[in-house]
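Enquirer: First the structure, which I've put down as structure tokens, then a few questions once you've had a look.
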Amino acid sequence: GGPPPAELGSLVHAPVTVTYDTDVGPLSMTLDPALAPVIVTRVVELARAGYYDGMVVHRVVPGFVTQFGAPFGDGSGGPAGKPAVRCETSPLPFLPMAVGVALAGRDTGSSQIFVTHTRTPHLDGQYAIIGNATGPWASFVDGDLIRGVKITP
């Protein structure tokens, strides 16, 4: 139930490359709206608005994931005024460098995303895959920063 997500009115229709200026150097990911159109649109809109600029990478689990997007760098919450998004899960496998949406239960995705370091079959079908990353995402340590973000196109 509930109202339809606001993102439905302005969906991203083509893959978008997000480039991050970080403490470990430049990193990127390609987000594909064919995989999860609403949450991809949310993440792209947040990135364009500067939400991820200065963001703390709050969770790094070696051999598993790097995660960021919590507004206070503590692993909880999302951006003010943005309700959680319904899950857009699929049967696709979480391969190394998959970008997924972090959850605190069903239908709680918002701004927190993660990059897998390795194949993670226990995530398959449980979390939305929104794209693929490139670069040394496993090089982060908790507390590193994402200084700025560039969107192409």
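Here, A, B, ... name the chains of the structure tokens in the order displayed, residue numbers run from 1 inside each chain, and ligands are numbered from 1 in the same displayed order.
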Please provide as JSON, numbers by chain all residues within 12 Å of Gly73 in chain A, with the sequence filter that same-chain residues fewer than 6 positions apart are discarded (counting only C-alpha atoms).

Expert: {"A": [52, 54, 55, 56, 57, 58, 59, 67, 79, 111, 112, 142, 143, 144, 145, 146]}

Enquirer: I need the residues of chain A that end up classed as alpha helix (DSSP H) by DSSP on the backbone, written out as a PyMOL selection string.

Expert: chain A and resi 37-48

Enquirer: Measuring between only C-alpha atoms, which one of A:Ala14, A:Ala70, A:Leu95, A:Ala133 shows the shortest distance to Pro26 in chain A?

Expert: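 The closest residue to Pro26 in chain A is A:Ala133.
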
Enquirer: Which residues, written as a ChimeraX atom specification, have at least one atom at most 12 Å from Val149 in chain A, with only C-alpha atoms counted and residues fewer than 5 positions away on the same chain left out?

Expert: /A:17-22,26-29,43-55

Enquirer: I need the chosen residues saved as a short mmCIF file (atom, residue, chain, number, x, y, z; two decimals), in the first residue's frame, with N, CA and C atoms.

Expert:
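Result went into again-v1.cif, see below:
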```cif
data_model
loop_
_atom_site.label_atom_id
_atom_site.label_comp_id
_atom_site.auth_asym_id
_atom_site.auth_seq_id
_atom_site.Cartn_x
_atom_site.Cartn_y
_atom_site.Cartn_z
N THR A 17 26.60 6.65 -15.36
CA THR A 17 27.87 6.41 -14.69
C THR A 17 28.03 7.43 -13.58
N VAL A 18 28.35 6.93 -12.39
CA VAL A 18 28.60 7.77 -11.23
C VAL A 18 30.07 7.63 -10.89
N THR A 19 30.80 8.74 -10.89
CA THR A 19 32.21 8.73 -10.57
C THR A 19 32.41 9.43 -9.22
N TYR A 20 33.12 8.76 -8.34
CA TYR A 20 33.33 9.25 -6.99
C TYR A 20 34.78 9.67 -6.81
N ASP A 21 34.99 10.85 -6.22
CA ASP A 21 36.31 11.29 -5.77
C ASP A 21 36.38 10.88 -4.30
N THR A 22 37.28 9.94 -3.97
CA THR A 22 37.30 9.35 -2.63
C THR A 22 38.70 9.39 -2.02
N PRO A 26 39.84 7.81 -7.42
CA PRO A 26 38.60 7.83 -8.20
C PRO A 26 38.02 6.42 -8.36
N LEU A 27 36.73 6.31 -8.15
CA LEU A 27 36.00 5.05 -8.30
C LEU A 27 34.73 5.34 -9.08
N SER A 28 34.17 4.31 -9.71
CA SER A 28 32.93 4.55 -10.45
C SER A 28 32.00 3.36 -10.36
N MET A 29 30.79 3.63 -10.76
CA MET A 29 29.78 2.58 -10.91
C MET A 29 28.83 3.00 -12.02
N VAL A 43 18.85 7.17 -6.29
CA VAL A 43 20.29 7.32 -6.07
C VAL A 43 20.88 8.38 -7.00
N VAL A 44 20.46 8.38 -8.27
CA VAL A 44 20.96 9.37 -9.22
C VAL A 44 20.52 10.77 -8.80
N GLU A 45 19.27 10.93 -8.41
CA GLU A 45 18.79 12.25 -7.96
C GLU A 45 19.55 12.73 -6.73
N LEU A 46 19.80 11.82 -5.78
CA LEU A 46 20.56 12.19 -4.59
C LEU A 46 21.99 12.60 -4.95
N ALA A 47 22.62 11.83 -5.85
CA ALA A 47 23.98 12.16 -6.27
C ALA A 47 24.03 13.52 -6.96
N ARG A 48 23.08 13.78 -7.83
CA ARG A 48 23.04 15.08 -8.53
C ARG A 48 22.82 16.23 -7.56
N ALA A 49 22.10 15.98 -6.48
CA ALA A 49 21.81 17.03 -5.48
C ALA A 49 22.95 17.21 -4.48
N GLY A 50 24.03 16.40 -4.59
CA GLY A 50 25.16 16.54 -3.69
C GLY A 50 25.04 15.76 -2.39
N TYR A 51 24.04 14.90 -2.28
CA TYR A 51 23.83 14.15 -1.05
C TYR A 51 25.05 13.33 -0.64
N TYR A 52 25.74 12.72 -1.59
CA TYR A 52 26.86 11.85 -1.27
C TYR A 52 28.19 12.60 -1.11
N ASP A 53 28.22 13.90 -1.42
CA ASP A 53 29.44 14.69 -1.26
C ASP A 53 29.79 14.79 0.23
N GLY A 54 31.01 14.43 0.57
CA GLY A 54 31.45 14.46 1.96
C GLY A 54 30.94 13.29 2.79
N MET A 55 30.37 12.29 2.15
CA MET A 55 29.77 11.14 2.84
C MET A 55 30.84 10.22 3.41
#
```

Enquirer: Which residues come within 6 Å of Val65 in chain A, counting only C-alpha atoms, excluding same-chain residues fewer than 2 positions away, as a PyMOL selection string?

Expert: chain A and resi 60-61+115-117

Enquirer: Taking the DSSP assignment computed from this structure's backbone, write out as a ChimeraX atom specification all residues of chain A that belong to strand (DSSP E).

Expert: /A:16-22,25-31,55-61,65-68,98-101,113-116,129-134,145-152

Enquirer: Would you mind reading off the distance between CA of Pro4 in chain A and CA of His122 in chain A, one decimal, in Å?

Expert: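 Spanning CA of Pro4 in chain A to CA of His122 in chain A is a straight-line distance of 29.4 Å.
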
Enquirer: Just the number, please: distance in Å from CA of Cys87 in chain A to CA of Gly135 in chain A, one decimal.

Expert: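 About the pair CA of Cys87 in chain A and CA of Gly135 in chain A: they are 26.8 Å apart.
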
Enquirer: Name the closest residue to Phe114 in chain A among the candidates A:Gly75, A:Pro83, A:Pro37, A:Gly148; distances are taken between atoms, counting only C-alpha atoms.

Expert: A:Gly75

Enquirer: Which one of A:Pro91, A:Arg42, A:Pro15, A:Ser110 sits closest to Pro71 in chain A if you count only C-alpha atoms?

Expert: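 Checking each of A:Pro91, A:Arg42, A:Pro15, A:Ser110 against Pro71 in chain A, counting only C-alpha atoms, the winner is A:Ser110.
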
Enquirer: Just how far from CA of Ala128 in chain A is CA of Leu31 in chain A, in Å to one decimal?

Expert: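 Between these atoms lies a distance of 11.6 Å.
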
Enquirer: So which one's closest to Ala36 in chain A, A:Ile129, A:Ala84, A:Ile113, A:Ala102? Using only C-alpha atoms, please.

Expert: A:Ile129

Enquirer: Measuring between only C-alpha atoms, which one of A:Leu123, A:Ala80, A:Met97, A:Leu8 shows the shortest distance to Trp137 in chain A?

Expert: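 When distances to Trp137 in chain A are compared using only C-alpha atoms, the smallest one comes from A:Met97.
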